[in-house]
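Scroll down for the structure; my scribbles are underneath it.
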Amino acid sequence: MLFTIHHVACSGGSIISQAIAASTNSVLISEINPYAKITRKANKLPFNPTNLIVKLVGNSQELSRKDKLEYFTSQLYIAKSHVNSISKNLLIRDHSHSTFNFHNRDWIMNGKKIDSRFLESLKVFYKKYQVSDFKLNRPIISIRHPLDSYISAHNKDWLGAYCGENKKLDRYCESLINFQKKMVENEKGLVIRYEDFCIDLKRCFNDLFSNIDFDWKLPSTEDINRMKVTGKSGRRSNNIDIRKRQHEYINKQLIDEINNSEFYNEYCKLNNYNPNYQSGPLMGD
């Protein structure tokens, strides 16, 4: 069985993916983009005797997009066979930051404009291999209050993927709305709030898995932290709790953006978030 999780940067996706993997008896593969660069320029290639492709590219040039898709689907088939052989499921964490079409560009694949290079590549995999023993579940979309994720992404200079040159809160929230609506409406995605996950993991997962029809187990904190994951851009603790809002970064300019942003209020309303920057992220805080 295959689970996938999708989220923007700085929204708690690392810890949520660890918890979902632990609760579903899944092997976690984290931050995947089938079309990312295979190797970075370096004077010395890494010692990895089993990886032909990294060394091939390191001594030549990047693979074509066609070959990268072949590389992805063949690796996924091996991953499927492996997890089946050890009676596990698979959870792939999409690197949505680089695979989703946030700027509505003309990304063409299989003769049509696409929103997600990752999900479209998955469709190619299932069509190519016709696997009947590897059910693909509805995608999981994890979200966080937009002001908190915006501040963190701004501080790490990661807003370009969502905002282009217009690195304002309103543009950022417009991209988040586009991402969520397309994932939910076109892909039947299920939304999970980071804050709900931190406050009551059991209730949060009860709600989530009631839509997937899966017999999950409640993981311990030790089970969750045992899962190896890339990313974890902001987390410095193994505890699961809501991080405090970074009020020191909310200056007059940002306050003006909050007060005048149509899409900030729309995103908060869409997900029942508290738009008041002086209060907590949830309504009633």
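Scheme for the structure tokens: letters A, B, ... for chains in order shown; per-chain residue numbers from 1; ligand numbers from 1 in order shown.
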Could you give me, as number ranges by chain, each residue of segment 167-238 of chain A that DSSP assigns to alpha helix (DSSP H) when run on this structure's backbone? A: 169-187, 194-199, 201-210, 221-225
Strand (DSSP E) per DSSP on the backbone: members of segment 45-266 of chain A, as number ranges by chain: A: 89-94, 108-109, 112-113, 140-143, 190-193
Residues near Ile255 of chain A, cut-off 12 Å, only C-alpha atoms, skip fewer than 3 positions along chain, as a count of residues only: 19
Quick one: contact table of segment 65-164 of chain A to segment 12-33 of chain A, 6 Å max, nearest atom pair and distance in Å to one decimal per residue, counting only C-alpha atoms, chain and number order, as a tab-separated table?
```
residue	atom	partner	partner_atom	distance
A:Lys88	CA	A:Ser26	CA	5.4
A:Asn89	CA	A:Ser26	CA	4.2
A:Leu90	CA	A:Ser26	CA	4.7
A:Leu91	CA	A:Leu28	CA	4.9
A:Ile92	CA	A:Ile29	CA	4.9
A:Arg93	CA	A:Ser30	CA	4.7
A:Asp94	CA	A:Ile32	CA	5.0
A:His95	CA	A:Glu31	CA	4.4
```
Write the residues of the preceding selection, restricted to all heavy atoms, as an mmCIF file, in the first residue's frame.
```cif
data_model
loop_
_atom_site.group_PDB
_atom_site.id
_atom_site.type_symbol
_atom_site.label_atom_id
_atom_site.label_comp_id
_atom_site.auth_asym_id
_atom_site.auth_seq_id
_atom_site.Cartn_x
_atom_site.Cartn_y
_atom_site.Cartn_z
ATOM 1 N N LYS A 88 5.567 -4.449 4.756
ATOM 2 C CA LYS A 88 5.438 -3.042 5.132
ATOM 3 C C LYS A 88 4.645 -2.296 4.064
ATOM 4 O O LYS A 88 4.438 -2.792 2.946
ATOM 5 C CB LYS A 88 6.827 -2.398 5.251
ATOM 6 C CG LYS A 88 7.698 -2.954 6.365
ATOM 7 C CD LYS A 88 7.450 -2.232 7.658
ATOM 8 C CE LYS A 88 8.462 -2.613 8.723
ATOM 9 N NZ LYS A 88 8.234 -1.869 9.995
ATOM 10 N N ASN A 89 4.205 -1.095 4.418
ATOM 11 C CA ASN A 89 3.651 -0.169 3.451
ATOM 12 C C ASN A 89 4.722 0.852 3.095
ATOM 13 O O ASN A 89 5.820 0.845 3.664
ATOM 14 C CB ASN A 89 2.414 0.515 4.020
ATOM 15 C CG ASN A 89 1.315 -0.470 4.338
ATOM 16 O OD1 ASN A 89 0.862 -1.212 3.473
ATOM 17 N ND2 ASN A 89 0.889 -0.503 5.600
ATOM 18 N N LEU A 90 4.403 1.740 2.171
ATOM 19 C CA LEU A 90 5.357 2.773 1.765
ATOM 20 C C LEU A 90 4.694 4.139 1.874
ATOM 21 O O LEU A 90 3.546 4.315 1.454
ATOM 22 C CB LEU A 90 5.808 2.534 0.317
ATOM 23 C CG LEU A 90 6.929 3.435 -0.216
ATOM 24 C CD1 LEU A 90 8.234 3.179 0.533
ATOM 25 C CD2 LEU A 90 7.131 3.208 -1.717
ATOM 26 N N LEU A 91 5.412 5.086 2.465
ATOM 27 C CA LEU A 91 4.970 6.483 2.514
ATOM 28 C C LEU A 91 6.011 7.338 1.806
ATOM 29 O O LEU A 91 7.176 7.360 2.204
ATOM 30 C CB LEU A 91 4.805 6.960 3.959
ATOM 31 C CG LEU A 91 4.587 8.470 4.152
ATOM 32 C CD1 LEU A 91 3.289 8.937 3.486
ATOM 33 C CD2 LEU A 91 4.569 8.850 5.638
ATOM 34 N N ILE A 92 5.597 8.022 0.738
ATOM 35 C CA ILE A 92 6.498 8.923 0.027
ATOM 36 C C ILE A 92 6.095 10.355 0.329
ATOM 37 O O ILE A 92 4.948 10.748 0.138
ATOM 38 C CB ILE A 92 6.476 8.695 -1.488
ATOM 39 C CG1 ILE A 92 6.901 7.265 -1.821
ATOM 40 C CG2 ILE A 92 7.412 9.688 -2.183
ATOM 41 C CD1 ILE A 92 6.946 6.971 -3.310
ATOM 42 N N ARG A 93 7.046 11.111 0.799
ATOM 43 C CA ARG A 93 6.845 12.533 1.070
ATOM 44 C C ARG A 93 7.296 13.337 -0.154
ATOM 45 O O ARG A 93 8.478 13.388 -0.483
ATOM 46 C CB ARG A 93 7.641 12.927 2.313
ATOM 47 C CG ARG A 93 7.543 14.395 2.694
ATOM 48 C CD ARG A 93 8.414 14.633 3.923
ATOM 49 N NE ARG A 93 8.573 16.054 4.200
ATOM 50 C CZ ARG A 93 9.657 16.579 4.752
ATOM 51 N NH1 ARG A 93 10.680 15.805 5.069
ATOM 52 N NH2 ARG A 93 9.733 17.872 4.989
ATOM 53 N N ASP A 94 6.338 13.870 -0.841
ATOM 54 C CA ASP A 94 6.575 14.676 -2.035
ATOM 55 C C ASP A 94 7.301 15.971 -1.656
ATOM 56 O O ASP A 94 6.958 16.617 -0.673
ATOM 57 C CB ASP A 94 5.194 14.979 -2.651
ATOM 58 C CG ASP A 94 5.223 15.972 -3.792
ATOM 59 O OD1 ASP A 94 6.269 16.122 -4.433
ATOM 60 O OD2 ASP A 94 4.161 16.580 -4.041
ATOM 61 N N HIS A 95 8.292 16.359 -2.446
ATOM 62 C CA HIS A 95 8.932 17.654 -2.248
ATOM 63 C C HIS A 95 8.106 18.687 -3.012
ATOM 64 O O HIS A 95 8.527 19.241 -4.043
ATOM 65 C CB HIS A 95 10.380 17.630 -2.735
ATOM 66 C CG HIS A 95 11.167 18.823 -2.320
ATOM 67 N ND1 HIS A 95 11.598 19.795 -3.201
ATOM 68 C CD2 HIS A 95 11.595 19.235 -1.090
ATOM 69 C CE1 HIS A 95 12.272 20.736 -2.549
ATOM 70 N NE2 HIS A 95 12.277 20.422 -1.267
#
```
Might you pull out every residue within 6 Å of Asn274 of chain A, with only C-alpha atoms counted and same-chain residues fewer than 5 positions away left off, and present them as a ChimeraX atom specification? /A:281-283
At a cut-off of 8 Å, can you tabulate as a Markdown table every residue of segment 170-253 of chain A near segment 149-166 of chain A together with its closest atom pair and the distance in Å to one decimal, using only C-alpha atoms and ordering rows by chain then number?
```
| residue | atom | partner | partner_atom | distance |
| --- | --- | --- | --- | --- |
| A:Arg171 | CA | A:Cys163 | CA | 5.7 |
| A:Tyr172 | CA | A:Cys163 | CA | 5.5 |
| A:Ser175 | CA | A:Tyr162 | CA | 5.8 |
| A:Leu176 | CA | A:Tyr162 | CA | 7.8 |
| A:Gly234 | CA | A:Ser152 | CA | 7.7 |
| A:Gln246 | CA | A:Ile151 | CA | 7.5 |
| A:Tyr249 | CA | A:Ile151 | CA | 7.1 |
```
For N, CA and C atoms, I'd like the residues from the last selection saved as a PDB file, in the first residue's frame.
```pdb
ATOM      1  N   ARG A 171       0.497  37.195  -1.855  1.00  0.00           N
ATOM      2  CA  ARG A 171       0.882  36.291  -2.954  1.00  0.00           C
ATOM      3  C   ARG A 171       1.158  34.888  -2.431  1.00  0.00           C
ATOM      4  N   TYR A 172       1.803  34.807  -1.290  1.00  0.00           N
ATOM      5  CA  TYR A 172       2.097  33.518  -0.664  1.00  0.00           C
ATOM      6  C   TYR A 172       0.804  32.750  -0.378  1.00  0.00           C
ATOM      7  N   SER A 175      -0.920  31.320  -3.413  1.00  0.00           N
ATOM      8  CA  SER A 175      -0.310  30.068  -3.856  1.00  0.00           C
ATOM      9  C   SER A 175      -0.750  28.890  -2.992  1.00  0.00           C
ATOM     10  N   LEU A 176      -0.843  29.124  -1.683  1.00  0.00           N
ATOM     11  CA  LEU A 176      -1.277  28.049  -0.786  1.00  0.00           C
ATOM     12  C   LEU A 176      -2.718  27.635  -1.061  1.00  0.00           C
ATOM     13  N   GLY A 234      12.856  23.452  10.723  1.00  0.00           N
ATOM     14  CA  GLY A 234      12.709  24.335  11.872  1.00  0.00           C
ATOM     15  C   GLY A 234      12.691  23.620  13.206  1.00  0.00           C
ATOM     16  N   GLN A 246       6.599  33.556  16.056  1.00  0.00           N
ATOM     17  CA  GLN A 246       7.794  34.392  16.138  1.00  0.00           C
ATOM     18  C   GLN A 246       7.400  35.874  15.986  1.00  0.00           C
ATOM     19  N   TYR A 249       9.344  38.946  14.442  1.00  0.00           N
ATOM     20  CA  TYR A 249       9.444  39.198  13.007  1.00  0.00           C
ATOM     21  C   TYR A 249       8.192  39.859  12.433  1.00  0.00           C
TER      22      TYR A 249
END
```
